[in-house]
$ cat work_0.cif   # mmCIF, C-alpha atoms
data_start
#
loop_
_atom_site.label_atom_id
_atom_site.label_comp_id
_atom_site.auth_asym_id
_atom_site.auth_seq_id
_atom_site.Cartn_x
_atom_site.Cartn_y
_atom_site.Cartn_z
CA MET F 3 -44.52 23.22 25.66
CA ALA F 4 -41.32 21.85 24.11
CA MET F 5 -40.29 20.38 27.49
CA LYS F 6 -43.63 18.58 27.85
CA THR F 7 -43.18 17.10 24.37
CA LEU F 8 -39.72 15.82 25.25
CA LEU F 9 -41.00 14.26 28.51
CA LYS F 10 -43.82 12.51 26.68
CA ASN F 11 -41.52 11.22 23.96
CA PRO F 12 -38.04 10.23 25.28
CA LEU F 13 -36.97 9.39 21.73
CA SER F 14 -37.10 13.12 21.02
CA VAL F 15 -34.45 13.67 23.69
CA LEU F 16 -32.24 11.06 22.03
CA THR F 17 -32.76 12.70 18.66
CA VAL F 18 -31.79 16.12 20.02
CA GLN F 19 -28.68 14.67 21.69
CA THR F 20 -27.75 12.79 18.50
CA GLU F 21 -27.98 16.00 16.48
CA LYS F 22 -25.90 17.90 19.05
CA ASP F 23 -23.26 15.16 18.88
CA ARG F 24 -23.37 15.17 15.09
CA TRP F 25 -22.72 18.89 14.71
CA SER F 26 -20.15 18.90 17.49
CA GLN F 27 -18.16 16.19 15.68
CA LEU F 28 -18.49 17.96 12.32
CA TYR F 29 -17.18 21.15 13.92
CA LYS F 30 -14.21 19.12 15.21
CA VAL F 31 -13.45 17.81 11.71
CA ILE F 32 -13.54 21.31 10.24
CA LYS F 33 -11.70 23.23 12.96
CA GLU F 34 -9.29 20.91 14.70
CA PRO F 35 -5.84 19.94 13.34
CA LYS F 36 -5.44 16.63 11.54
CA PRO F 37 -5.30 13.73 14.04
CA GLN F 38 -2.04 12.23 15.21
CA ILE F 39 -1.31 8.72 13.99
CA ASP F 40 0.01 6.58 16.84
CA SER F 41 2.05 3.77 15.36
CA THR F 42 2.52 0.27 16.69
CA PRO F 43 5.67 0.22 18.93
CA ARG F 44 8.65 0.26 16.58
CA LYS F 45 12.37 0.84 16.22
CA LEU F 46 14.28 2.49 13.38
CA VAL F 47 16.74 -0.06 11.96
CA TRP F 48 18.16 1.71 8.92
CA LYS F 49 17.72 4.92 6.97
CA LYS F 50 18.76 5.91 3.45
CA ASN F 51 17.94 9.34 2.08
CA LYS F 52 14.17 9.84 2.69
CA SER F 53 13.51 6.12 3.24
CA SER F 54 13.28 4.32 6.59
CA LEU F 55 13.26 0.68 7.67
CA TRP F 56 11.13 0.10 10.77
CA TYR F 57 11.07 -2.94 13.05
CA TYR F 58 7.93 -3.99 14.94
CA PRO F 59 8.66 -6.90 17.33
CA ALA F 60 6.14 -9.69 17.79
CA GLN F 61 4.14 -9.40 21.00
CA GLU F 62 4.89 -13.08 21.59
CA LYS F 63 7.06 -14.61 18.88
CA LYS F 64 5.53 -17.72 17.31
CA HIS F 65 7.13 -17.77 13.84
CA ASP F 66 10.80 -18.12 12.89
CA ILE F 67 10.61 -16.21 9.64
CA PRO F 68 10.02 -12.43 9.86
CA ILE F 69 7.74 -10.43 7.58
CA PHE F 70 9.03 -7.58 5.40
CA LEU F 71 6.28 -5.20 4.19
CA VAL F 72 6.74 -3.13 1.01
CA TYR F 73 4.09 -0.50 0.32
CA SER F 74 3.55 1.53 -2.83
CA LEU F 75 5.73 4.42 -4.00
CA LEU F 76 2.51 6.31 -4.73
CA ASN F 77 1.19 6.68 -1.16
CA LYS F 78 2.45 6.86 2.40
CA ALA F 79 2.99 3.55 4.16
CA TYR F 80 1.25 4.47 7.42
CA ILE F 81 -2.06 3.27 5.93
CA LEU F 82 -0.79 -0.17 7.05
CA ASP F 83 -0.60 1.13 10.64
CA LEU F 84 -3.39 3.70 10.74
CA SER F 85 -4.92 2.78 14.10
CA GLU F 86 -4.79 -0.02 16.65
CA GLU F 87 -8.07 -1.46 15.38
CA THR F 88 -7.19 -1.46 11.65
CA SER F 89 -3.40 -1.88 11.73
CA VAL F 90 -2.03 -4.55 9.39
CA VAL F 91 1.34 -4.25 11.15
CA GLY F 92 -0.21 -4.51 14.62
CA HIS F 93 -2.31 -7.54 13.74
CA PHE F 94 0.72 -9.40 12.40
CA THR F 95 2.69 -8.68 15.60
CA LYS F 96 -0.25 -9.97 17.68
CA LEU F 97 -0.17 -13.18 15.63
CA GLY F 98 3.47 -13.71 16.60
CA TYR F 99 5.38 -12.36 13.59
CA ASP F 100 8.37 -10.03 13.76
CA VAL F 101 7.54 -7.33 11.20
CA TYR F 102 9.72 -4.98 9.18
CA MET F 103 8.19 -2.23 7.07
CA PHE F 104 10.03 -0.17 4.49
CA ASP F 105 8.80 3.41 4.21
CA TRP F 106 9.98 4.98 0.93
CA GLY F 107 9.38 8.54 2.13
CA SER F 108 8.61 11.41 -0.24
CA PRO F 109 11.40 12.38 -2.67
CA GLY F 110 12.37 16.00 -3.17
CA LEU F 111 13.62 17.80 -6.26
CA GLU F 112 17.15 16.69 -5.37
CA ASP F 113 15.98 13.07 -5.87
CA LYS F 114 14.77 13.58 -9.43
CA ASP F 115 17.31 11.14 -10.90
CA ILE F 116 16.41 8.15 -8.70
CA THR F 117 15.27 5.31 -10.97
CA LEU F 118 13.28 2.15 -10.32
CA ASP F 119 16.65 0.36 -10.56
CA ASN F 120 17.90 2.46 -7.64
CA TYR F 121 14.76 1.85 -5.60
CA VAL F 122 14.92 -1.93 -6.08
CA VAL F 123 18.68 -2.52 -5.88
CA ASP F 124 20.08 0.33 -3.78
CA TYR F 125 17.14 0.75 -1.42
CA LEU F 126 14.90 -2.33 -1.20
CA GLU F 127 17.54 -5.06 -1.60
CA VAL F 128 19.80 -3.40 0.96
CA ALA F 129 16.86 -2.94 3.36
CA VAL F 130 16.00 -6.65 3.16
CA LYS F 131 19.66 -7.49 3.90
CA ARG F 132 19.52 -5.19 6.93
CA ALA F 133 16.31 -6.85 8.17
CA LEU F 134 17.82 -10.33 7.83
CA ARG F 135 20.92 -9.25 9.72
CA HIS F 136 18.95 -7.41 12.41
CA ASN F 137 16.68 -10.41 13.00
CA ALA F 138 19.48 -12.98 12.73
CA ALA F 139 17.09 -14.78 10.37
CA GLU F 140 18.12 -17.19 7.65
CA GLU F 141 15.02 -16.49 5.52
CA ILE F 142 12.38 -13.81 5.17
CA SER F 143 8.81 -13.38 3.88
CA LEU F 144 8.34 -10.47 1.48
CA ILE F 145 4.86 -8.90 1.31
CA GLY F 146 4.31 -6.27 -1.39
CA TYR F 147 1.23 -4.13 -1.81
CA CYS F 148 0.16 -2.33 -5.02
CA LEU F 149 3.25 -0.86 -6.76
CA GLY F 150 5.24 -2.05 -3.75
CA GLY F 151 4.27 -5.55 -4.85
CA THR F 152 5.60 -4.84 -8.34
CA LEU F 153 8.94 -3.79 -6.86
CA ALA F 154 8.94 -6.80 -4.51
CA ALA F 155 8.40 -9.12 -7.50
CA MET F 156 11.21 -7.41 -9.40
CA LEU F 157 13.58 -7.83 -6.47
CA THR F 158 12.66 -11.49 -5.94
CA SER F 159 13.37 -12.22 -9.61
CA ILE F 160 16.92 -10.83 -9.54
CA THR F 161 18.24 -11.26 -5.98
CA GLU F 162 20.14 -14.07 -4.31
CA LEU F 163 18.66 -13.14 -0.93
CA PRO F 164 16.82 -15.96 0.91
CA ILE F 165 13.22 -14.91 0.24
CA LYS F 166 11.19 -17.85 1.54
CA ASN F 167 7.68 -16.55 0.80
CA LEU F 168 6.36 -13.85 -1.51
CA VAL F 169 2.92 -12.30 -1.03
CA LEU F 170 1.66 -9.85 -3.68
CA ALA F 171 -1.57 -7.95 -3.01
CA ALA F 172 -3.39 -5.66 -5.45
CA VAL F 173 -0.25 -5.84 -7.58
CA PRO F 174 -0.11 -4.34 -11.09
CA ILE F 175 2.13 -6.58 -13.20
CA ASP F 176 0.41 -6.96 -16.58
CA TYR F 177 -0.54 -3.66 -18.24
CA THR F 178 -2.36 -5.13 -21.22
CA GLU F 179 -5.37 -3.39 -19.71
CA PHE F 180 -5.68 -1.05 -16.75
CA VAL F 181 -7.93 1.62 -15.24
CA ILE F 182 -6.57 4.65 -17.11
CA PRO F 183 -9.12 5.95 -19.66
CA LYS F 184 -8.58 4.54 -23.16
CA LYS F 185 -7.96 7.99 -24.64
CA TRP F 186 -5.14 8.55 -22.14
CA ILE F 187 -3.63 5.17 -22.98
CA LYS F 188 -3.75 5.91 -26.71
CA ALA F 189 -2.26 9.37 -26.20
CA ILE F 190 0.63 7.94 -24.14
CA LYS F 191 1.33 5.09 -26.56
CA ASP F 192 1.10 7.37 -29.61
CA GLY F 193 3.31 10.00 -28.01
CA TYR F 194 0.73 12.78 -27.90
CA LEU F 195 0.85 12.77 -24.10
CA SER F 196 4.53 12.94 -23.21
CA ILE F 197 5.31 11.95 -19.65
CA ASP F 198 9.01 12.53 -20.35
CA ARG F 199 8.47 16.22 -21.11
CA PHE F 200 6.29 16.59 -18.04
CA SER F 201 8.87 14.91 -15.79
CA ASP F 202 11.78 16.85 -17.28
CA ALA F 203 9.95 20.13 -16.75
CA TYR F 204 9.27 19.51 -13.05
CA GLY F 205 12.24 17.29 -12.17
CA HIS F 206 10.08 15.28 -9.82
CA ILE F 207 6.29 14.87 -9.82
CA PRO F 208 4.88 17.09 -7.05
CA SER F 209 2.52 15.38 -4.59
CA GLU F 210 -0.34 17.69 -5.53
CA TYR F 211 -0.12 16.56 -9.15
CA LEU F 212 -0.14 12.88 -8.22
CA GLN F 213 -3.19 13.43 -6.05
CA ALA F 214 -4.92 15.25 -8.92
CA MET F 215 -4.16 12.30 -11.23
CA PHE F 216 -5.79 9.87 -8.81
CA LEU F 217 -8.85 12.10 -8.50
CA ALA F 218 -9.07 12.30 -12.28
CA LEU F 219 -9.02 8.50 -12.49
CA GLN F 220 -11.55 7.90 -9.73
CA GLY F 221 -13.77 10.94 -10.15
CA TYR F 222 -14.80 13.13 -7.24
CA ASN F 223 -16.37 10.82 -4.69
CA LEU F 224 -18.91 12.42 -2.35
CA GLY F 225 -19.53 9.12 -0.57
CA PRO F 226 -17.06 9.59 2.32
CA LYS F 227 -18.36 13.09 3.10
CA ILE F 228 -21.98 11.93 2.97
CA ASN F 229 -21.08 9.04 5.29
CA LEU F 230 -19.43 11.51 7.66
CA VAL F 231 -22.51 13.72 7.89
CA THR F 232 -24.76 10.69 8.31
CA ARG F 233 -22.66 9.13 11.08
CA ALA F 234 -21.07 12.19 12.64
CA HIS F 235 -22.82 11.47 15.97
CA ASP F 236 -20.65 8.35 16.28
CA GLU F 237 -17.37 9.51 17.83
CA LYS F 238 -15.57 6.25 17.05
CA TYR F 239 -16.57 6.44 13.39
CA VAL F 240 -15.49 10.10 13.17
CA ASP F 241 -12.07 9.22 14.61
CA LYS F 242 -11.60 6.55 11.92
CA TRP F 243 -12.85 8.93 9.23
CA ARG F 244 -10.45 11.70 10.26
CA LYS F 245 -7.43 9.37 10.17
CA MET F 246 -8.39 8.02 6.76
CA ASP F 247 -9.03 11.55 5.49
CA LYS F 248 -5.58 12.60 6.72
CA TRP F 249 -3.93 9.76 4.77
CA MET F 250 -5.99 10.46 1.63
CA ASN F 251 -4.86 14.09 1.69
CA ASP F 252 -1.24 13.39 2.60
CA PRO F 253 0.20 12.42 -0.81
CA VAL F 254 3.81 11.80 -1.75
CA SER F 255 5.89 13.15 -4.60
CA PHE F 256 7.55 10.86 -7.16
CA SER F 257 11.06 10.87 -8.60
CA GLY F 258 11.00 12.11 -12.21
CA ALA F 259 13.30 9.36 -13.51
CA ALA F 260 11.33 6.60 -11.74
CA PHE F 261 8.05 8.06 -12.98
CA LYS F 262 9.26 8.04 -16.60
CA GLN F 263 10.40 4.45 -16.19
CA THR F 264 7.07 3.42 -14.66
CA ILE F 265 5.05 4.99 -17.48
CA ASN F 266 7.31 3.95 -20.37
CA GLU F 267 8.56 0.51 -19.35
CA LEU F 268 5.54 -0.74 -17.39
CA PHE F 269 2.43 1.10 -18.62
CA LYS F 270 3.43 1.72 -22.21
CA ASP F 271 5.68 -1.22 -23.19
CA ASN F 272 4.62 -3.85 -20.62
CA MET F 273 8.27 -4.90 -20.37
CA LEU F 274 7.98 -6.72 -17.04
CA VAL F 275 5.53 -9.27 -18.44
CA LYS F 276 7.59 -9.65 -21.61
CA GLY F 277 10.78 -10.31 -19.64
CA GLU F 278 12.52 -7.36 -21.31
CA MET F 279 13.15 -5.19 -18.25
CA LYS F 280 16.66 -4.79 -16.85
CA MET F 281 17.88 -3.44 -13.53
CA ASN F 282 21.53 -2.54 -13.11
CA GLY F 283 22.36 -4.96 -15.90
CA ARG F 284 20.28 -7.82 -14.44
CA THR F 285 17.32 -9.11 -16.44
CA VAL F 286 14.06 -8.94 -14.51
CA ASP F 287 12.54 -12.29 -15.45
CA LEU F 288 9.59 -13.38 -13.30
CA LYS F 289 10.39 -17.00 -14.20
CA ASN F 290 13.25 -16.70 -11.74
CA ILE F 291 10.73 -16.56 -8.89
CA LYS F 292 10.65 -20.04 -7.34
CA CYS F 293 9.65 -19.35 -3.73
CA SER F 294 6.20 -19.98 -2.25
CA LEU F 295 3.79 -17.40 -3.70
CA LEU F 296 0.43 -15.98 -2.63
CA ILE F 297 -1.45 -13.56 -4.92
CA ILE F 298 -4.35 -11.56 -3.46
CA THR F 299 -6.80 -9.47 -5.49
CA SER F 300 -9.99 -7.68 -4.44
CA THR F 301 -13.40 -7.84 -6.11
CA ASP F 302 -14.05 -4.10 -5.78
CA ASP F 303 -10.57 -2.75 -6.50
CA ALA F 304 -11.08 0.40 -8.60
CA LEU F 305 -7.34 0.99 -9.15
CA VAL F 306 -5.75 -2.38 -9.94
CA LEU F 307 -7.68 -4.85 -12.10
CA GLU F 308 -7.70 -8.57 -11.36
CA SER F 309 -6.37 -9.10 -14.89
CA GLN F 310 -3.23 -7.16 -13.92
CA SER F 311 -2.40 -9.52 -11.03
CA ARG F 312 -3.62 -12.96 -12.01
CA PRO F 313 -1.15 -13.51 -14.92
CA VAL F 314 1.67 -13.67 -12.36
CA MET F 315 0.53 -17.21 -11.56
CA ASP F 316 1.64 -18.31 -15.04
CA LEU F 317 4.76 -16.15 -15.22
CA VAL F 318 6.62 -17.56 -12.20
CA SER F 319 8.29 -20.93 -11.70
CA SER F 320 6.98 -21.45 -8.16
CA GLU F 321 5.49 -24.89 -7.55
CA ASP F 322 3.80 -23.75 -4.35
CA LYS F 323 1.52 -20.92 -5.48
CA THR F 324 -1.94 -19.80 -4.39
CA TYR F 325 -4.40 -17.28 -5.81
CA GLN F 326 -7.00 -15.68 -3.53
CA LEU F 327 -9.86 -13.32 -4.49
CA VAL F 328 -11.19 -11.27 -1.56
CA GLU F 329 -14.43 -9.29 -1.35
CA ALA F 330 -13.07 -5.82 -0.64
CA GLY F 331 -11.68 -2.68 -2.24
CA HIS F 332 -8.13 -1.51 -2.91
CA VAL F 333 -7.70 0.07 0.54
CA SER F 334 -10.58 -1.47 2.50
CA VAL F 335 -8.99 -4.93 2.23
CA ASN F 336 -6.41 -3.60 4.72
CA LEU F 337 -8.69 -1.59 6.99
CA SER F 338 -11.29 -4.36 7.27
CA GLY F 339 -8.77 -6.91 8.51
CA LYS F 340 -9.38 -9.17 5.51
CA PHE F 341 -5.80 -8.83 4.31
CA VAL F 342 -4.27 -10.26 7.49
CA ASP F 343 -7.07 -12.84 7.74
CA THR F 344 -6.20 -14.03 4.23
CA VAL F 345 -2.41 -13.98 4.59
CA ASP F 346 -1.99 -15.54 8.05
CA PRO F 347 -3.50 -19.02 7.44
CA TRP F 348 -1.27 -19.37 4.37
CA LEU F 349 1.88 -17.78 5.79
CA SER F 350 1.77 -19.39 9.24
CA THR F 351 2.24 -22.84 7.69
CA ARG F 352 5.28 -21.59 5.77
CA SER F 353 7.09 -19.59 8.47
CA LYS F 354 9.25 -22.22 10.13
CA GLN F 355 12.98 -21.99 9.48
CA GLY F 356 14.23 -24.66 7.05
CA GLN F 357 10.69 -25.88 6.32
CA GLU F 358 9.98 -27.26 2.86
CA ILE F 359 6.53 -27.19 1.24
CA ASN F 360 5.72 -30.17 -0.93
#
$ encode --input "work_0.cif" --output "structure tokens"
Amino acid sequence: MAMKTLLKNPLSVLTVQTEKDRWSQLYKVIKEPKPQIDSTPRKLVWKKNKSSLWYYPAQEKKHDIPIFLVYSLLNKAYILDLSEETSVVGHFTKLGYDVYMFDWGSPGLEDKDITLDNYVVDYLEVAVKRALRHNAAEEISLIGYCLGGTLAAMLTSITELPIKNLVLAAVPIDYTEFVIPKKWIKAIKDGYLSIDRFSDAYGHIPSEYLQAMFLALQGYNLGPKINLVTRAHDEKYVDKWRKMDKWMNDPVSFSGAAFKQTINELFKDNMLVKGEMKMNGRTVDLKNIKCSLLIITSTDDALVLESQSRPVMDLVSSEDKTYQLVEAGHVSVNLSGKFVDTVDPWLSTRSKQGQEIN
């Protein structure tokens, strides 16, 4: 009887097959190991402690000035090279750019005394020097994302290195307002919630704690799991979902000293905007930034507010500066391809050696 029904209604056969595929894929998600992330072809250029500088050559070089990507200290950088289809790194190499990406790594307890000063001066500045030397380039384009953008802006304001272009995406600079609940902000500013005591007790901030903080800010989101169940019959979608899920559940730890500095000097006292921050004796004044500047924010960013990024336009001395608002979220702007699509038209006209923008 069931066979006759299936023969009369072929759609029933498709429905049965779809359900079989759905549950087979869900079983794979539950039982199989996390997927392997195959990176765009790359070469290790330099390594310091847990950090690595990677080089991704252009498939066919079209631009003189290489790109240097700086991702956040709060997450792992491979989100920028998650798969061939969504890779920010891969798309830039296809467009003819030589790309360098600095991976901060995940600090251990032995790294508890590393400060933001160390990260900017001893790690990032040296890595940019290495990239310039490796590429035999006279200038470089610095692209910073999220907290990586904050560090990129800090470096650009204090260094003598030839940074030709600066791109800051989803960058928290002004902490007059941000996504942390108001009661948390008040507790931090009034001293009831002491980040210093917390950092001193643990030495460094364990990755599990950082992940719990993000979950507390965002709330538990059932959306991705509901989407998985709904589209589990689609093998391509499940592959994307598994890679994203791996990254989401692969957090990093954070140096205790750098964490205290981030909370006290950035969140609490807003010193970067006020021009009161110092790094190894050098004043971090954003007015010192004079290179070509592109700021990118996203309409649906639930982690970094537009009001945290936009003030940069008035804080720098750059004459050539552009602000771009993109319809996307904090992470989806990368995975959707909108980030590269926004950056390339701007950057490609500014990536010739010795070129001046009027």
$ residues_around --input "work_0.cif" --residues "region 307-310 of chain F" --least-positions-apart "2" --cutoff "8 Å" --atoms "all atoms listed in the file" --output "number ranges by chain"
F: 172-181, 299-301, 303-305, 312-313
$ residues_near_point --input "work_0.cif" --point "(-11.6, 10.8, 15.4)" --cutoff "10 Å" --atoms "all atoms listed in the file" --output "PyMOL selection string"
chain F and resi 27+30-31+36-38+234+236-246
$ closest_residue --input "work_0.cif" --among "F:Thr42, F:Ser257, F:Ser311, F:Ser196" --to "Lys270 (chain F)" --atoms "all atoms listed in the file"
F:Ser196
$ closest_residue --input "work_0.cif" --among "F:Val275, F:Ala60, F:Ala189, F:Leu295" --to "Lys323 (chain F)" --atoms "all atoms listed in the file"
F:Leu295
$ residues_near_point --input "work_0.cif" --point "(6.8, -8.5, 15.4)" --cutoff "12 Å" --atoms "only C-alpha atoms" --output "JSON, numbers by chain"
{"F": [42, 43, 44, 45, 56, 57, 58, 59, 60, 61, 62, 63, 64, 65, 66, 67, 68, 69, 70, 71, 90, 91, 92, 93, 94, 95, 96, 97, 98, 99, 100, 101, 102, 103, 137]}
$ atom_distance --input "work_0.cif" --atom1 "CA of Gly146 (chain F)" --atom2 "CA of Val72 (chain F)"
4.6 Å
$ closest_residue --input "work_0.cif" --among "F:Val18, F:Ala260, F:Ile81, F:Leu46" --to "Ala133 (chain F)" --atoms "only C-alpha atoms"
F:Leu46
$ resolve_selection --input "work_0.cif" --expression "the PyMOL selection byres ((chain F and resi 317-320) around 7)" --output "PyMOL selection string"
chain F and resi 288-295+313-316+321-323
$ resolve_selection --input "work_0.cif" --expression "the PyMOL selection byres ((chain F and resi 263) around 12)" --output "PyMOL selection string"
chain F and resi 115-121+197-198+201+256-262+264-274+279-281
$ closest_residue --input "work_0.cif" --among "F:Lys33, F:Ile297, F:Gly110, F:Ala129" --to "Ser54 (chain F)" --atoms "all atoms listed in the file"
F:Ala129
